[in-house]
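First comes the structure, then the notes that go with it.
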Amino acid sequence: MSIKLLNLVFNLILNLLIMKIAVLIARLLLGLIFVVFGLNFFFQFLHMAQPPMTDKAQAFSGGLFGSGYFFQYMKVIEITSGFFLLINRFTALFVLVLLPISLNIFLFHAILAPAGVPVGSAVIILQVFLLFAYRKYYTSIFTATPVV
């Protein structure tokens, strides 16, 4: 084997290893974010100052809280999905399950509560990265004719 071929193989292996580590870190971070903040909703063990919200953001949040069920339901989904990300089971499924939640977190902060944009951006970046990493599991969803 030539030196160029060995160098190419080495770089390929190194890139694959770096990608695996990046996916692991992103999966654990996203899982941890959703488990911790989901549990914090029920048990309030993290005492955080709330960033200032606009009137529209307060009205939006008030409507969701006022429903009496929405946030509880969403937080159970966050905790469950985050747990499965942490233990690396059904990961591709739960990355998809969390997509609408992550997108709404990002859009809420980008449009209604700009003080939280860094957190919303981090969540959506991790989410999109994991969607990209697990893209091969989604190809059958986007086929015109289903395989039965």
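Note on naming: chains are A, B, ... as they come in the structure tokens, residues start from 1 per chain, ligands start from 1 in the order shown.
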
Legend entry - Non-local contacts of stretch 105-115 of chain A (7 Å; only C-alpha atoms; under 3 positions in same chain excluded) as a list in words: Pro51, Pro52, Met53, Thr54, Lys56, Ala57, Ile101, Ser102, Gly120, Ser121 and Ile124 of chain A

Just write the chosen residues, C-alpha atoms, as a short mmCIF file (atom, residue, chain, number, x, y, z; two decimals), in the first residue's frame.
```cif
data_model
loop_
_atom_site.label_atom_id
_atom_site.label_comp_id
_atom_site.auth_asym_id
_atom_site.auth_seq_id
_atom_site.Cartn_x
_atom_site.Cartn_y
_atom_site.Cartn_z
CA PRO A 51 -35.72 36.18 31.72
CA PRO A 52 -37.95 39.15 30.93
CA MET A 53 -40.76 38.34 28.52
CA THR A 54 -42.72 40.54 26.18
CA LYS A 56 -47.08 38.62 23.68
CA ALA A 57 -44.80 35.97 25.20
CA ILE A 101 -40.98 20.78 20.73
CA SER A 102 -37.47 21.95 19.82
CA GLY A 120 -33.42 28.00 21.85
CA SER A 121 -30.63 28.12 19.28
CA ILE A 124 -32.41 23.49 17.60
#
```

Non-local contacts of A:Gly31 (8 Å; only C-alpha atoms; under 5 positions in same chain excluded) as a compact mmCIF listing (two decimals) with C-alpha atoms, in the first residue's frame:
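Final output, saved to result-v5.txt:
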```
# COMPACT_ATOMS: atom_id res chain seq x y z
CA SER A 81 -37.81 11.29 24.98
CA GLY A 82 -34.78 12.68 26.79
CA PHE A 83 -34.47 9.48 28.80
CA PHE A 84 -34.47 7.36 25.65
CA LEU A 85 -31.83 9.64 24.10
CA LEU A 86 -29.67 9.20 27.20
```

List as a PDB file with N, CA and C atoms, in the first residue's frame the protein and nucleic acid residues near A:Arg27, meaning an atom at most 9 Å away when only C-alpha atoms are counted, but skip any in the same chain fewer than 3 places from it.
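Output below, filename selection_6.pdb:
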```pdb
ATOM      1  N   ALA A  22     -19.103  13.212  18.200  1.00  0.00           N
ATOM      2  CA  ALA A  22     -19.970  14.389  18.115  1.00  0.00           C
ATOM      3  C   ALA A  22     -21.437  13.998  18.282  1.00  0.00           C
ATOM      4  N   VAL A  23     -21.850  12.889  17.672  1.00  0.00           N
ATOM      5  CA  VAL A  23     -23.227  12.410  17.811  1.00  0.00           C
ATOM      6  C   VAL A  23     -23.496  12.017  19.259  1.00  0.00           C
ATOM      7  N   LEU A  24     -22.559  11.337  19.880  1.00  0.00           N
ATOM      8  CA  LEU A  24     -22.706  10.943  21.282  1.00  0.00           C
ATOM      9  C   LEU A  24     -22.884  12.173  22.175  1.00  0.00           C
ATOM     10  N   LEU A  30     -28.661  16.857  24.429  1.00  0.00           N
ATOM     11  CA  LEU A  30     -30.082  17.079  24.172  1.00  0.00           C
ATOM     12  C   LEU A  30     -30.937  16.267  25.140  1.00  0.00           C
ATOM     13  N   GLY A  31     -30.561  15.015  25.366  1.00  0.00           N
ATOM     14  CA  GLY A  31     -31.293  14.192  26.325  1.00  0.00           C
ATOM     15  C   GLY A  31     -31.263  14.786  27.716  1.00  0.00           C
ATOM     16  N   LEU A  32     -30.104  15.241  28.136  1.00  0.00           N
ATOM     17  CA  LEU A  32     -29.952  15.835  29.462  1.00  0.00           C
ATOM     18  C   LEU A  32     -30.769  17.122  29.594  1.00  0.00           C
ATOM     19  N   GLY A  82     -36.138  12.422  26.313  1.00  0.00           N
ATOM     20  CA  GLY A  82     -34.781  12.683  26.791  1.00  0.00           C
ATOM     21  C   GLY A  82     -34.160  11.454  27.418  1.00  0.00           C
ATOM     22  N   LEU A  85     -33.068   9.143  24.724  1.00  0.00           N
ATOM     23  CA  LEU A  85     -31.832   9.636  24.101  1.00  0.00           C
ATOM     24  C   LEU A  85     -30.632   9.309  24.982  1.00  0.00           C
ATOM     25  N   LEU A  86     -30.785   9.468  26.287  1.00  0.00           N
ATOM     26  CA  LEU A  86     -29.670   9.202  27.201  1.00  0.00           C
ATOM     27  C   LEU A  86     -29.254   7.736  27.194  1.00  0.00           C
ATOM     28  N   ASN A  88     -29.809   5.687  24.691  1.00  0.00           N
ATOM     29  CA  ASN A  88     -29.551   5.313  23.298  1.00  0.00           C
ATOM     30  C   ASN A  88     -30.453   4.174  22.815  1.00  0.00           C
ATOM     31  N   THR A  91     -33.490   5.910  19.389  1.00  0.00           N
ATOM     32  CA  THR A  91     -32.988   7.280  19.300  1.00  0.00           C
ATOM     33  C   THR A  91     -33.544   8.022  18.091  1.00  0.00           C
ATOM     34  N   VAL A  95     -35.738  11.438  18.444  1.00  0.00           N
ATOM     35  CA  VAL A  95     -35.241  12.683  17.848  1.00  0.00           C
ATOM     36  C   VAL A  95     -36.371  13.315  17.030  1.00  0.00           C
ATOM     37  N   LEU A 126     -28.606  21.308  18.121  1.00  0.00           N
ATOM     38  CA  LEU A 126     -28.410  19.904  18.514  1.00  0.00           C
ATOM     39  C   LEU A 126     -29.422  19.011  17.811  1.00  0.00           C
ATOM     40  N   GLN A 127     -30.671  19.472  17.752  1.00  0.00           N
ATOM     41  CA  GLN A 127     -31.748  18.704  17.122  1.00  0.00           C
ATOM     42  C   GLN A 127     -31.463  18.468  15.636  1.00  0.00           C
ATOM     43  N   LEU A 130     -28.598  16.020  15.100  1.00  0.00           N
ATOM     44  CA  LEU A 130     -28.994  14.622  15.308  1.00  0.00           C
ATOM     45  C   LEU A 130     -29.896  14.123  14.183  1.00  0.00           C
TER      46      LEU A 130
END
```
